[in-house]
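protein_27.cif follows (mmCIF, C-alpha atoms (C1' of nucleotides)):
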```cif
data_query
loop_
_atom_site.label_atom_id
_atom_site.label_comp_id
_atom_site.auth_asym_id
_atom_site.auth_seq_id
_atom_site.Cartn_x
_atom_site.Cartn_y
_atom_site.Cartn_z
CA MET A 23 -0.73 -2.11 -22.47
CA GLU A 24 2.99 -2.53 -22.10
CA LEU A 25 4.56 0.03 -19.77
CA LYS A 26 7.33 2.16 -21.20
CA PRO A 27 10.48 2.42 -19.06
CA ILE A 28 9.78 5.76 -17.39
CA ALA A 29 6.17 4.93 -16.59
CA GLU A 30 7.32 1.60 -15.20
CA ARG A 31 9.81 3.27 -12.91
CA PHE A 32 7.14 5.68 -11.70
CA VAL A 33 4.67 2.90 -10.99
CA LEU A 34 7.21 0.73 -9.19
CA HIS A 35 8.50 3.61 -7.12
CA TRP A 36 4.99 4.53 -6.15
CA GLY A 37 4.32 0.99 -5.03
CA GLU A 38 7.45 1.13 -2.91
CA MET A 39 6.35 4.41 -1.35
CA GLY A 40 2.95 2.96 -0.59
CA SER A 41 4.56 0.14 1.36
CA ARG A 42 6.43 2.60 3.52
CA TRP A 43 3.26 4.46 4.37
CA GLY A 44 1.14 1.47 5.17
CA VAL A 45 -0.49 1.10 1.75
CA ASN A 46 -0.46 -2.25 -0.01
CA ARG A 47 2.08 -2.19 -2.82
CA THR A 48 -0.29 -3.46 -5.49
CA VAL A 49 -2.94 -0.94 -4.46
CA ALA A 50 -0.43 1.86 -4.87
CA GLN A 51 0.75 0.48 -8.19
CA VAL A 52 -2.75 0.23 -9.59
CA HIS A 53 -3.42 3.80 -8.61
CA ALA A 54 -0.14 5.06 -10.06
CA LEU A 55 -0.90 3.26 -13.29
CA LEU A 56 -4.36 4.77 -13.65
CA TYR A 57 -2.95 8.17 -12.80
CA LEU A 58 -0.22 7.99 -15.42
CA ALA A 59 -2.42 6.39 -18.05
CA GLY A 60 -4.80 9.30 -17.84
CA ARG A 61 -7.61 7.24 -19.30
CA PRO A 62 -9.99 4.58 -18.02
CA MET A 63 -8.59 1.05 -18.02
CA ASP A 64 -10.34 -2.24 -17.41
CA ALA A 65 -9.21 -4.77 -14.82
CA GLU A 66 -7.87 -7.15 -17.42
CA GLU A 67 -5.59 -4.53 -18.90
CA ILE A 68 -4.35 -3.46 -15.49
CA THR A 69 -3.63 -7.09 -14.69
CA GLU A 70 -1.54 -7.58 -17.81
CA THR A 71 0.28 -4.29 -17.48
CA LEU A 72 1.31 -4.83 -13.88
CA GLY A 73 1.85 -8.55 -14.15
CA VAL A 74 -0.13 -9.43 -11.02
CA ALA A 75 -3.07 -11.74 -10.49
CA ARG A 76 -6.46 -10.66 -11.69
CA SER A 77 -7.92 -11.21 -8.20
CA ASN A 78 -5.31 -8.96 -6.75
CA VAL A 79 -6.33 -6.17 -9.10
CA SER A 80 -9.97 -6.64 -8.24
CA THR A 81 -9.24 -6.30 -4.53
CA SER A 82 -6.99 -3.30 -5.06
CA LEU A 83 -9.61 -1.51 -7.15
CA LYS A 84 -12.19 -2.10 -4.43
CA GLU A 85 -9.81 -0.64 -1.90
CA LEU A 86 -9.12 2.40 -4.08
CA GLN A 87 -12.82 2.95 -4.62
CA SER A 88 -13.41 2.89 -0.88
CA TRP A 89 -10.95 5.77 -0.63
CA ASN A 90 -12.77 7.58 -3.44
CA LEU A 91 -9.53 7.62 -5.36
CA VAL A 92 -10.87 5.55 -8.22
CA ARG A 93 -14.28 5.38 -9.84
CA VAL A 94 -15.95 3.05 -12.27
CA VAL A 95 -16.83 4.34 -15.70
CA HIS A 96 -18.49 2.60 -18.58
CA LEU A 97 -17.39 3.07 -22.15
CA LYS A 98 -20.00 2.67 -24.83
CA GLY A 99 -19.84 -0.61 -26.60
CA GLU A 100 -17.71 -2.07 -23.80
CA ARG A 101 -19.06 -4.61 -21.36
CA ARG A 102 -16.24 -4.47 -18.88
CA ASP A 103 -16.06 -2.00 -16.06
CA HIS A 104 -13.40 0.60 -16.62
CA PHE A 105 -11.62 2.48 -13.87
CA GLU A 106 -10.21 5.96 -13.72
CA THR A 107 -8.67 8.31 -11.21
CA SER A 108 -8.31 12.05 -11.11
CA ALA A 109 -5.42 13.57 -13.04
CA ASP A 110 -5.28 16.32 -10.46
CA VAL A 111 -2.61 15.68 -7.81
CA TRP A 112 -4.19 18.13 -5.43
CA GLU A 113 -7.50 16.45 -5.57
CA LEU A 114 -5.83 13.10 -4.98
CA PHE A 115 -3.96 14.47 -2.00
CA LYS A 116 -7.21 15.86 -0.61
CA LEU A 117 -8.86 12.49 -0.88
CA ILE A 118 -5.98 10.69 0.75
CA VAL A 119 -5.86 13.14 3.64
CA ALA A 120 -9.63 12.86 4.10
CA GLY A 121 -9.41 9.10 4.11
CA ARG A 122 -6.59 8.79 6.57
CA ARG A 123 -8.18 11.36 8.80
CA GLN A 124 -11.41 9.45 8.91
CA ARG A 125 -9.87 6.02 9.30
CA GLU A 126 -6.99 6.73 11.63
CA ILE A 127 -6.86 10.19 13.09
CA ASP A 128 -10.47 10.50 14.18
CA PRO A 129 -10.55 7.13 15.92
CA THR A 130 -7.33 8.03 17.70
CA ALA A 131 -8.80 11.29 18.92
CA THR A 132 -11.83 9.38 20.13
CA ALA A 133 -9.64 6.90 21.97
CA LEU A 134 -7.74 9.71 23.68
CA ARG A 135 -10.95 11.44 24.70
CA GLU A 136 -12.14 8.18 26.19
CA CYS A 137 -8.89 7.87 28.11
CA LEU A 138 -9.33 11.33 29.56
CA ALA A 139 -12.99 10.78 30.36
CA ASN A 140 -12.31 7.47 32.08
CA PRO A 141 -12.40 7.75 35.90
CA ALA A 142 -9.35 5.47 35.95
CA ILE A 143 -7.34 8.44 34.74
CA ALA A 144 -7.16 9.48 38.38
CA ASP A 145 -4.87 6.52 39.06
CA GLU A 146 -2.30 7.75 36.56
CA GLU A 147 0.47 10.24 37.19
CA GLU A 148 -0.55 13.84 36.67
CA GLY A 149 2.12 14.20 34.00
CA THR A 150 0.66 11.27 32.10
CA ARG A 151 -2.76 12.87 31.98
CA GLN A 152 -1.20 16.12 30.86
CA ARG A 153 0.67 14.48 28.01
CA ILE A 154 -2.40 12.63 26.80
CA GLU A 155 -4.20 15.94 26.82
CA ASP A 156 -1.38 17.58 24.85
CA THR A 157 -1.50 14.80 22.32
CA LEU A 158 -5.25 15.16 21.89
CA LYS A 159 -4.90 18.91 21.50
CA PHE A 160 -2.26 18.38 18.84
CA ILE A 161 -4.45 16.00 16.91
CA GLU A 162 -7.40 18.37 17.11
CA ILE A 163 -5.39 21.29 15.75
CA MET A 164 -4.04 19.18 12.92
CA SER A 165 -7.52 17.92 12.14
CA SER A 166 -8.95 21.39 11.94
CA LEU A 167 -6.13 22.40 9.63
CA ALA A 168 -6.91 19.40 7.48
CA ASP A 169 -10.55 20.43 7.49
CA GLU A 170 -9.61 23.83 6.16
CA MET A 171 -7.59 22.34 3.37
CA LEU A 172 -10.29 19.91 2.41
CA ARG A 173 -12.79 22.68 1.82
CA TYR A 174 -10.97 24.14 -1.14
CA LYS A 175 -11.07 23.22 -4.73
CA PRO A 176 -7.69 21.69 -5.42
CA GLU A 177 -6.38 24.68 -7.38
CA THR A 178 -7.26 27.00 -4.51
CA LEU A 179 -5.60 24.71 -2.05
CA MET A 180 -2.39 25.00 -3.98
CA LYS A 181 -2.52 28.77 -3.90
CA THR A 182 -3.37 28.74 -0.21
CA LEU A 183 -0.39 26.59 0.59
CA GLY A 184 1.81 29.03 -1.27
CA VAL A 185 0.30 31.85 0.73
CA SER A 186 0.78 30.21 4.06
CA ALA A 187 4.43 29.53 3.22
CA ARG A 188 4.95 33.20 2.50
CA ILE A 189 3.17 34.21 5.70
CA SER A 190 5.31 31.84 7.67
CA GLN A 191 8.37 33.63 6.35
CA ALA A 192 6.95 37.00 7.32
CA ILE A 193 6.25 35.85 10.85
CA ARG A 194 9.69 34.38 11.18
CA ARG A 195 11.28 37.65 10.10
CA LYS A 196 9.61 39.41 13.03
CA GLU A 197 10.95 36.97 15.63
CA MET B 8 7.21 -0.65 35.91
CA GLU B 9 3.72 -2.05 35.54
CA LEU B 10 1.55 -0.04 33.17
CA LYS B 11 -1.69 1.31 34.56
CA PRO B 12 -4.78 0.71 32.40
CA ILE B 13 -4.98 4.09 30.70
CA ALA B 14 -1.28 4.22 29.92
CA GLU B 15 -1.48 0.71 28.57
CA ARG B 16 -4.32 1.63 26.26
CA PHE B 17 -2.39 4.63 25.02
CA VAL B 18 0.74 2.60 24.34
CA LEU B 19 -1.13 -0.18 22.57
CA HIS B 20 -3.12 2.23 20.46
CA TRP B 21 0.03 4.04 19.50
CA GLY B 22 1.63 0.79 18.42
CA GLU B 23 -1.41 0.07 16.30
CA MET B 24 -1.22 3.51 14.68
CA GLY B 25 2.46 2.99 13.96
CA SER B 26 1.64 -0.18 12.02
CA ARG B 27 -0.79 1.68 9.86
CA TRP B 28 1.78 4.30 8.97
CA GLY B 29 4.62 1.96 8.23
CA VAL B 30 6.27 2.08 11.63
CA ASN B 31 7.12 -1.13 13.46
CA ARG B 32 4.65 -1.71 16.27
CA THR B 33 7.25 -2.29 18.95
CA VAL B 34 9.14 0.82 17.89
CA ALA B 35 5.97 2.87 18.25
CA GLN B 36 5.17 1.27 21.59
CA VAL B 37 8.60 1.98 23.00
CA HIS B 38 8.31 5.58 21.96
CA ALA B 39 4.82 5.95 23.39
CA LEU B 40 6.00 4.45 26.66
CA LEU B 41 8.93 6.83 27.00
CA TYR B 42 6.67 9.73 26.11
CA LEU B 43 4.07 8.84 28.71
CA ALA B 44 6.60 7.92 31.37
CA GLY B 45 8.10 11.38 31.13
CA ARG B 46 11.35 10.15 32.62
CA PRO B 47 14.37 8.21 31.38
CA MET B 48 13.96 4.44 31.42
CA ASP B 49 16.52 1.73 30.88
CA ALA B 50 16.12 -1.04 28.33
CA GLU B 51 15.44 -3.66 30.96
CA GLU B 52 12.55 -1.72 32.40
CA ILE B 53 11.09 -1.07 28.96
CA THR B 54 11.37 -4.78 28.22
CA GLU B 55 9.47 -5.76 31.33
CA THR B 56 6.84 -3.08 30.95
CA LEU B 57 6.03 -3.93 27.35
CA GLY B 58 6.52 -7.67 27.67
CA VAL B 59 8.69 -8.01 24.58
CA ALA B 60 12.17 -9.44 24.08
CA ARG B 61 15.12 -7.48 25.28
CA SER B 62 16.69 -7.65 21.81
CA ASN B 63 13.58 -6.20 20.32
CA VAL B 64 13.78 -3.22 22.63
CA SER B 65 17.43 -2.72 21.79
CA THR B 66 16.66 -2.65 18.07
CA SER B 67 13.69 -0.35 18.54
CA LEU B 68 15.71 2.09 20.60
CA LYS B 69 18.37 2.20 17.91
CA GLU B 70 15.70 2.93 15.35
CA LEU B 71 14.20 5.70 17.47
CA GLN B 72 17.63 7.21 18.01
CA SER B 73 18.23 7.26 14.28
CA TRP B 74 15.08 9.38 13.98
CA ASN B 75 16.36 11.65 16.78
CA LEU B 76 13.21 10.84 18.69
CA VAL B 77 15.02 9.23 21.58
CA ARG B 78 18.36 10.01 23.18
CA VAL B 79 20.57 8.23 25.67
CA VAL B 80 21.05 9.76 29.10
CA HIS B 81 23.08 8.56 32.01
CA LEU B 82 21.86 8.79 35.55
CA LYS B 83 24.45 9.12 38.25
CA GLY B 84 25.11 5.92 40.10
CA GLU B 85 23.45 3.93 37.30
CA ARG B 86 25.48 1.80 34.94
CA ARG B 87 22.74 1.14 32.44
CA ASP B 88 21.95 3.43 29.55
CA HIS B 89 18.72 5.26 30.06
CA PHE B 90 16.53 6.57 27.27
CA GLU B 91 14.25 9.53 27.07
CA THR B 92 12.17 11.36 24.51
CA SER B 93 10.82 14.87 24.37
CA ALA B 94 7.62 15.59 26.27
CA ASP B 95 6.77 18.19 23.64
CA VAL B 96 4.37 16.82 21.01
CA TRP B 97 5.25 19.56 18.60
CA GLU B 98 8.91 18.81 18.76
CA LEU B 99 8.18 15.15 18.21
CA PHE B 100 6.03 15.95 15.20
CA LYS B 101 8.80 18.11 13.80
CA LEU B 102 11.30 15.30 14.12
CA ILE B 103 9.00 12.78 12.51
CA VAL B 104 8.25 15.06 9.59
CA ALA B 105 11.93 15.79 9.12
CA GLY B 106 12.75 12.11 9.17
CA ARG B 107 10.12 11.03 6.70
CA ARG B 108 10.97 13.90 4.43
CA GLN B 109 14.59 12.92 4.36
CA ARG B 110 14.00 9.21 4.01
CA GLU B 111 11.05 9.08 1.67
CA ILE B 112 10.01 12.38 0.17
CA ASP B 113 13.41 13.63 -0.94
CA PRO B 114 14.39 10.36 -2.64
CA THR B 115 11.03 10.35 -4.42
CA ALA B 116 11.58 13.87 -5.69
CA THR B 117 15.01 12.83 -6.89
CA ALA B 118 13.56 9.82 -8.70
CA LEU B 119 10.97 12.00 -10.43
CA ARG B 120 13.62 14.50 -11.48
CA GLU B 121 15.63 11.66 -12.95
CA CYS B 122 12.57 10.47 -14.85
CA LEU B 123 12.06 13.92 -16.34
CA ALA B 124 15.75 14.35 -17.15
CA ASN B 125 15.96 10.94 -18.83
CA PRO B 126 15.95 11.20 -22.66
CA ALA B 127 13.62 8.18 -22.68
CA ILE B 128 10.88 10.54 -21.49
CA ALA B 129 10.45 11.44 -25.15
CA ASP B 130 9.02 7.97 -25.79
CA GLU B 131 6.21 8.51 -23.28
CA GLU B 132 2.88 10.17 -23.94
CA GLU B 133 2.92 13.92 -23.45
CA GLY B 134 0.25 13.57 -20.76
CA THR B 135 2.42 11.16 -18.85
CA ARG B 136 5.31 13.60 -18.74
CA GLN B 137 2.95 16.35 -17.66
CA ARG B 138 1.58 14.31 -14.79
CA ILE B 139 5.04 13.35 -13.57
CA GLU B 140 5.90 17.03 -13.64
CA ASP B 141 2.75 17.89 -11.69
CA THR B 142 3.60 15.29 -9.12
CA LEU B 143 7.12 16.61 -8.69
CA LYS B 144 5.80 20.15 -8.36
CA PHE B 145 3.39 18.98 -5.68
CA ILE B 146 6.14 17.30 -3.73
CA GLU B 147 8.35 20.35 -3.98
CA ILE B 148 5.64 22.64 -2.65
CA MET B 149 4.89 20.29 0.21
CA SER B 150 8.57 20.00 1.00
CA SER B 151 9.04 23.74 1.14
CA LEU B 152 6.04 24.01 3.44
CA ALA B 153 7.59 21.35 5.63
CA ASP B 154 10.83 23.31 5.60
CA GLU B 155 9.01 26.36 6.87
CA MET B 156 7.45 24.44 9.68
CA LEU B 157 10.67 22.80 10.68
CA ARG B 158 12.38 26.14 11.22
CA TYR B 159 10.18 27.13 14.13
CA LYS B 160 10.47 26.34 17.75
CA PRO B 161 7.60 23.97 18.47
CA GLU B 162 5.52 26.56 20.33
CA THR B 163 5.80 28.98 17.42
CA LEU B 164 4.84 26.29 14.98
CA MET B 165 1.65 25.78 16.91
CA LYS B 166 0.79 29.46 16.73
CA THR B 167 1.65 29.57 13.06
CA LEU B 168 -0.67 26.71 12.30
CA GLY B 169 -3.44 28.54 14.10
CA VAL B 170 -2.72 31.59 12.03
CA SER B 171 -2.76 29.78 8.75
CA ALA B 172 -6.11 28.23 9.62
CA ARG B 173 -7.55 31.67 10.17
CA ILE B 174 -6.05 32.96 6.94
CA SER B 175 -7.51 30.05 5.06
CA GLN B 176 -10.94 31.00 6.33
CA ALA B 177 -10.42 34.62 5.24
CA ILE B 178 -9.46 33.54 1.75
CA ARG B 179 -12.39 31.21 1.51
CA ARG B 180 -14.78 33.97 2.46
CA LYS B 181 -13.63 35.96 -0.57
CA GLU B 182 -14.34 33.16 -3.01
"C1'" DC C 3 -33.82 -18.56 -18.75
"C1'" DC C 4 -29.66 -20.28 -20.55
"C1'" DT C 5 -24.98 -19.08 -22.04
"C1'" DT C 6 -21.14 -16.34 -21.94
"C1'" DT C 7 -18.56 -12.85 -20.00
"C1'" DT C 8 -16.99 -10.44 -16.09
"C1'" DT C 9 -16.23 -9.73 -11.31
"C1'" DT C 10 -15.70 -11.19 -6.64
"C1'" DT C 11 -14.66 -14.25 -3.00
"C1'" DC C 12 -12.26 -17.96 -1.09
"C1'" DT C 13 -8.33 -20.98 -0.08
"C1'" DG C 14 -3.77 -22.33 0.05
"C1'" DT C 15 1.02 -20.80 -0.87
"C1'" DT C 16 4.70 -17.68 -0.83
"C1'" DT C 17 6.97 -13.82 0.82
"C1'" DT C 18 7.93 -10.59 4.10
"C1'" DT C 19 8.27 -8.83 8.50
"C1'" DA C 20 8.47 -9.16 13.37
"C1'" DC C 21 10.27 -11.23 16.98
"C1'" DA C 22 12.51 -14.29 20.74
"C1'" DG C 23 16.44 -16.44 22.50
"C1'" DA C 24 21.19 -17.31 22.31
"C1'" DA C 25 25.64 -15.97 21.38
"C1'" DA C 26 28.91 -12.42 20.89
"C1'" DA C 27 30.79 -8.06 21.71
"C1'" DG C 28 31.48 -4.31 24.46
"C1'" DT C 29 31.81 -1.81 28.97
"C1'" DC C 30 32.57 -0.95 33.59
"C1'" DT C 31 34.51 -1.95 38.26
"C1'" DG C 32 37.50 -3.26 41.52
"C1'" DC D 27 42.91 -7.56 33.59
"C1'" DA D 28 39.40 -10.66 35.65
"C1'" DG D 29 34.78 -10.95 36.36
"C1'" DA D 30 30.33 -9.19 36.20
"C1'" DC D 31 27.14 -6.57 33.89
"C1'" DT D 32 25.14 -4.54 29.75
"C1'" DT D 33 24.22 -4.01 25.00
"C1'" DT D 34 24.21 -5.55 20.29
"C1'" DT D 35 24.12 -8.79 16.67
"C1'" DC D 36 22.89 -13.05 14.77
"C1'" DT D 37 19.90 -16.95 13.69
"C1'" DG D 38 15.93 -19.51 13.55
"C1'" DT D 39 10.87 -19.34 14.32
"C1'" DA D 40 6.42 -17.44 14.33
"C1'" DA D 41 3.08 -14.28 12.73
"C1'" DA D 42 1.25 -11.42 9.35
"C1'" DA D 43 0.61 -9.82 4.90
"C1'" DA D 44 0.55 -10.29 0.10
"C1'" DC D 45 -0.60 -12.84 -3.51
"C1'" DA D 46 -2.01 -16.43 -7.24
"C1'" DG D 47 -5.24 -19.54 -8.94
"C1'" DA D 48 -9.55 -21.69 -8.62
"C1'" DA D 49 -14.20 -21.59 -7.58
"C1'" DA D 50 -18.33 -19.07 -7.02
"C1'" DA D 51 -21.29 -15.35 -7.88
"C1'" DA D 52 -23.08 -11.77 -10.49
"C1'" DA D 53 -24.16 -9.37 -14.65
"C1'" DA D 54 -25.12 -8.98 -19.51
"C1'" DG D 55 -26.69 -10.80 -23.97
"C1'" DG D 56 -29.37 -13.32 -26.72
#
```
Starting from the file, lay out its structure as structure tokens.
Amino acid sequence: MELKPIAERFVLHWGEMGSRWGVNRTVAQVHALLYLAGRPMDAEEITETLGVARSNVSTSLKELQSWNLVRVVHLKGERRDHFETSADVWELFKLIVAGRRQREIDPTATALRECLANPAIADEEEGTRQRIEDTLKFIEIMSSLADEMLRYKPETLMKTLGVSARISQAIRRKE
Amino acid sequence: MELKPIAERFVLHWGEMGSRWGVNRTVAQVHALLYLAGRPMDAEEITETLGVARSNVSTSLKELQSWNLVRVVHLKGERRDHFETSADVWELFKLIVAGRRQREIDPTATALRECLANPAIADEEEGTRQRIEDTLKFIEIMSSLADEMLRYKPETLMKTLGVSARISQAIRRKE
DNA sequence: CCTTTTTTTCTGTTTTTACAGAAAAGTCTG
DNA sequence: CAGACTTTTCTGTAAAAACAGAAAAAAAGG
């Protein structure tokens, strides 16, 4: 598949964005491509479309599968694995948030708890302990918010976000 | 200043987290150090504490200032610039969100709008156009939510987040 | 099973990013 | 404005990440 100009721009921009958020550029590109294509593609086709090495695509697909962003499907009469992603942005967002929470936020919270539980904390300034505690509290609140979001079906999540924006306005008016 | 064990762990972990989110490790470490220290430090002291090159600290401080996360202060009787950050996690979060929105999210939204406004969009599959539109819509909703958050004083933001979590639960119960 | 197709892993190269040290520029003080 | 101190910029090096191509492994077909 040869990318048309607009799709190409989208895919390249997405790769660029990935880089800025700590996601490998090719990984982001592969995902953007599957998202835009809206149909299962095999690794060979992805390779040709993006113009990267086959091995690179294989690795990227593995990575995307580990985030639950991409799944393997088999098409009848086809031997090759095909890969697809959800066409639902909200669902994708949900998966990304869940993944980053599990891989980065949770371990950080654990590390902070360990810091606070460590007897050596007594050697630190009181203010230091307080700020570590504040940071942990912040992370916990954010995590529980994320939890809430992750419980919804994507469509509901969208509505909920709209609601909370409106409520925020109402609260602000009272201040 | 010699870092005590707990503070060191915090600073190193924060640097590691930075890397994963597209922030230079030293930049993240410098910020974590200023946050934990809870007092203005000069570049020389930061250099010694972190064990990195002076030039590196200079660059990192510039970067942090451009995000409004760190500001210069002058202490009486001291010739050197001193640097401090807010001790308020919420305020820091606000600044980071504002920065990333401005530097990454807004330009992405602009790019997507350009894609949709481009006559060449007619050559793409209908589904492709639809998904680009969905993506833009998603970004716009998220941005307006971010806007809401950024308007509050940090303490209010915290309360608001608590509120929206409770509201989410209420909505879910009705489903 | 053996052959072919497909996928994954491994290894070396390239590219990018981070960084240190030196040089330059700027600032303050007397 | 001379000299010392401080900060920034520049340049080369080192480290890390991304990547391509080849080799190996796995899966499917006959």
Find the residues around Ile68 (chain A) up to 8 Å (all atoms listed in the file counted), leave out those fewer than 6 positions away in its own chain, and share them as a list of chain:residue names.
->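 Using all atoms listed in the file, the neighbours found are A:Met23, A:Val52, A:Leu55, A:Val79.
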Would you mind exporting C-alpha atoms of the selected residues as a compact mmCIF listing (two decimals), in the frame of the given file?
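Result written to selection.txt:
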```txt
# COMPACT_ATOMS: atom_id res chain seq x y z
CA MET A 23 -0.73 -2.11 -22.47
CA VAL A 52 -2.75 0.23 -9.59
CA LEU A 55 -0.90 3.26 -13.29
CA VAL A 79 -6.33 -6.17 -9.10
```
Could you superimpose chain A onto chain B using every C-alpha atom, matched in order, and tell me the RMSD in Å?
->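 0.1 Å is the C-alpha RMSD between the two chains.
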Applied to this file, what does the PyMOL selection byres ((chain B and resi 44) around 12) return in terms of residues, put as an MDAnalysis selection string?
-> (chainID A and resid 146:154) or (chainID B and resid 8:11 14:15 17:18 36:43 45:49 52:53 56 90:94)
Contacts of DA40 (chain D) at 10 Å (only C-alpha atoms (C1' of nucleotides); same-chain gap of 6+ positions) as a list in words =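 These residues fall inside the cut-off: DA20, DC21 and DA22 of chain C.
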Per-residue nearest contacts chain B to chain A, cut-off 7 Å, using only C-alpha atoms, as JSON lines:
```
{"residue": "B:Lys11", "atom": "CA", "partner": "A:Glu146", "partner_atom": "CA", "distance": 6.8}
{"residue": "B:Ile13", "atom": "CA", "partner": "A:Cys137", "partner_atom": "CA", "distance": 6.0}
{"residue": "B:Arg27", "atom": "CA", "partner": "A:Gly44", "partner_atom": "CA", "distance": 5.1}
{"residue": "B:Trp28", "atom": "CA", "partner": "A:Gly44", "partner_atom": "CA", "distance": 4.8}
{"residue": "B:Gly29", "atom": "CA", "partner": "A:Gly44", "partner_atom": "CA", "distance": 4.7}
{"residue": "B:Leu43", "atom": "CA", "partner": "A:Thr150", "partner_atom": "CA", "distance": 5.4}
{"residue": "B:Ala44", "atom": "CA", "partner": "A:Thr150", "partner_atom": "CA", "distance": 6.9}
{"residue": "B:Val96", "atom": "CA", "partner": "A:Thr157", "partner_atom": "CA", "distance": 6.3}
{"residue": "B:Cys122", "atom": "CA", "partner": "A:Ile28", "partner_atom": "CA", "distance": 6.0}
{"residue": "B:Ala127", "atom": "CA", "partner": "A:Ile28", "partner_atom": "CA", "distance": 7.0}
{"residue": "B:Ile128", "atom": "CA", "partner": "A:Ile28", "partner_atom": "CA", "distance": 6.4}
{"residue": "B:Glu131", "atom": "CA", "partner": "A:Lys26", "partner_atom": "CA", "distance": 6.8}
{"residue": "B:Thr135", "atom": "CA", "partner": "A:Leu58", "partner_atom": "CA", "distance": 5.4}
{"residue": "B:Arg138", "atom": "CA", "partner": "A:Leu58", "partner_atom": "CA", "distance": 6.6}
{"residue": "B:Asp141", "atom": "CA", "partner": "A:Val111", "partner_atom": "CA", "distance": 7.0}
{"residue": "B:Thr142", "atom": "CA", "partner": "A:Val111", "partner_atom": "CA", "distance": 6.4}
{"residue": "B:Leu152", "atom": "CA", "partner": "A:Ala187", "partner_atom": "CA", "distance": 5.8}
{"residue": "B:Glu155", "atom": "CA", "partner": "A:Ala187", "partner_atom": "CA", "distance": 6.7}
{"residue": "B:Thr167", "atom": "CA", "partner": "A:Ser190", "partner_atom": "CA", "distance": 6.9}
{"residue": "B:Ser171", "atom": "CA", "partner": "A:Ser186", "partner_atom": "CA", "distance": 5.9}
{"residue": "B:Ala172", "atom": "CA", "partner": "A:Leu167", "partner_atom": "CA", "distance": 5.8}
{"residue": "B:Ser175", "atom": "CA", "partner": "A:Glu170", "partner_atom": "CA", "distance": 6.7}
```
Check which residues satisfy the PyMOL selection byres ((chain A) within 9 of (chain D)) in the file shown, then give them as a list in words.
-> Asn46, Arg47, Thr48, Val74, Ala75, Arg76, Ser77, Asn78 and Arg101 of chain A
Between CA of Gly22 (chain B) and CA of Ser73 (chain B) - distance in Å to one decimal |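 CA of Gly22 (chain B) lies 18.3 Å from CA of Ser73 (chain B).
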Test item: chain C residues at most 8 Å from chain A, counting all atoms listed in the file, as a count of residues only | 3
Quick one: distance from CA of Glu162 (chain A) to CA of Asp128 (chain A) in Å, one decimal?
->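 Between these atoms lies a distance of 8.9 Å.
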Work out how far apart CA of Leu99 (chain B) and CA of Trp74 (chain B) are and give it in Å to one decimal.
->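 Straight-line distance from CA of Leu99 (chain B) to CA of Trp74 (chain B) works out to 9.9 Å.
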Write out as a ChimeraX atom specification each polymer residue whose atoms come within 7 Å of Leu117 (chain A), counting only C-alpha atoms (C1' of nucleotides); drop sequence neighbours fewer than 3 positions from it.
-> /A:90-91,113-114,120-121
